[in-house]
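Have a look at the structure below before the remarks.
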Amino acid sequence: MTAKVISICNLKGGVGKTTTVMALAEYLAGDTMYKKRVLAIDLDPQSNLTSALMSEEVWEKEFESKKLTLPYLFKDPEYFLENIKSENFIVKHNISNVRNGNSFAHLHLIPSSPRLFEIQEQLPSGYYSFNFKPVELIRIIIKPLLNNYDYILIDCAPNINTVVKSAFLASHACIIPCVPNRMSIHGLDLLLEHIEKFNRDYVHNLKAVGTLISRYNRTIAQSENLNSIIVNPFYPPVFETKILERAKIAQGLELNNYLTYKQKYDDSHDSMVKLTKEFIQRVGR
């Protein structure tokens, strides 16, 4: 069985994309949870997923300084692709700090870097030493990895550029986190329009398998907006699990401070367990 490749995306920032990717990766891969083989890919130049899952010291010494973070895939694919067989660009050790009474046999990360901000604005239309375009790069680097994982989760930046399109082209499906307010709903509308256009332009079949409601506080306005999302037949079906506004997640703690799931995710722990179960049911495996 090859991996299911899922992009987590929205054009609106602050809707919980990175938190969703981190939580799904940790709950899917945990030995006390589902014991799945998971690869997380950080395609956001803010690099928050990278900071949340690995030591910044290791990131600087072993990956960024050696040009093995994702920006260099797009800047110098020839050098980067030489490392595919050795998999030097994949962080395989000491990912996540949810290691108090738990371990990860197969939770890996392809890290990003803020340098992606600069590089994504300077991409060529094609690479002359290769017969492919930048939009194909993520699909190319994960192709030899598909049999090594059950799930590959991609954290996308809140825009539609060549880098994000490369995630779409590599993915079987996407999940769209959305705060039930008007701005986020407009972002949802726009993203779905872009996905439809992308599928036409690239003869692809990226499917939005679900809308994940985040930062939910049960106000009258939010409840009305949520209902409008649920009843709209053109929107991806809403996950039954909702991430509450009050959810506290200990992302800022040092990675050497090992935590339990409950310590890290606090009162959102039960929601994350349910979300992961729903994710498996919707995506498969």
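Convention: chains lettered A, B, ... in structure tokens order; per-chain residue numbering from 1; ligands numbered from 1 as shown.
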
Find the residues near A:Ala157: any atom within 9 Å, counting only C-alpha atoms, skip ones fewer than 3 places away on the same chain, and give them as a count of residues only.
13

Pick from A:Leu244, A:Ala167, A:Ile195, A:Ile95 nearest to A:Ser51, counting only C-alpha atoms:
A:Ile95

Show which residues sit within 12 Å of A:Tyr202, as a PyMOL selection string. Count only C-alpha atoms, and ignore same-chain residues fewer than 6 positions away.
chain A and resi 135-136+165-166+168-170+194-196

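Closest approach to A:Ile243 among A:Thr219, A:Cys178, A:His106, A:Phe198: A:Cys178, based on only C-alpha atoms.
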
Could you build a table of the residues in stretch 131-221 of chain A lying no more than 10 Å from stretch 108-118 of chain A, giving for each the nearest pair of atoms and their separation in Å rounded to one decimal place, using only C-alpha atoms, ordered by chain and ascending residue number, as CSV?
residue,atom,partner,partner_atom,distance
A:Tyr149,CA,A:His108,CA,9.5
A:Ile152,CA,A:His108,CA,9.5
A:Leu153,CA,A:Leu109,CA,9.5
A:Ile154,CA,A:Ile110,CA,9.5
A:Val163,CA,A:Leu116,CA,9.2

With only C-alpha atoms as the counted atoms, please give the residues lying no more than 10 Å from A:Gln263, apart from itself and same-chain residues fewer than 3 positions off, as a PyMOL selection string.
chain A and resi 98+100+248-250+258-260+266-267+269

For the residues in the current selection, export C-alpha atoms as a compact mmCIF listing (two decimals), in the first residue's frame.
# COMPACT_ATOMS: atom_id res chain seq x y z
CA VAL A 98 5.10 13.82 23.03
CA ASN A 100 6.28 10.85 28.07
CA LYS A 248 -4.43 25.22 24.63
CA ILE A 249 -1.51 23.53 22.95
CA ALA A 250 1.98 23.60 24.44
CA TYR A 258 8.89 15.35 27.19
CA LEU A 259 5.12 15.54 27.53
CA THR A 260 2.11 13.27 27.44
CA ASP A 266 -4.69 19.96 27.30
CA ASP A 267 -8.48 20.18 26.92
CA HIS A 269 -6.79 16.08 23.65

Every residue of stretch 25-178 of chain A that DSSP places in helix (DSSP H, G or I), as a count of residues only:
59
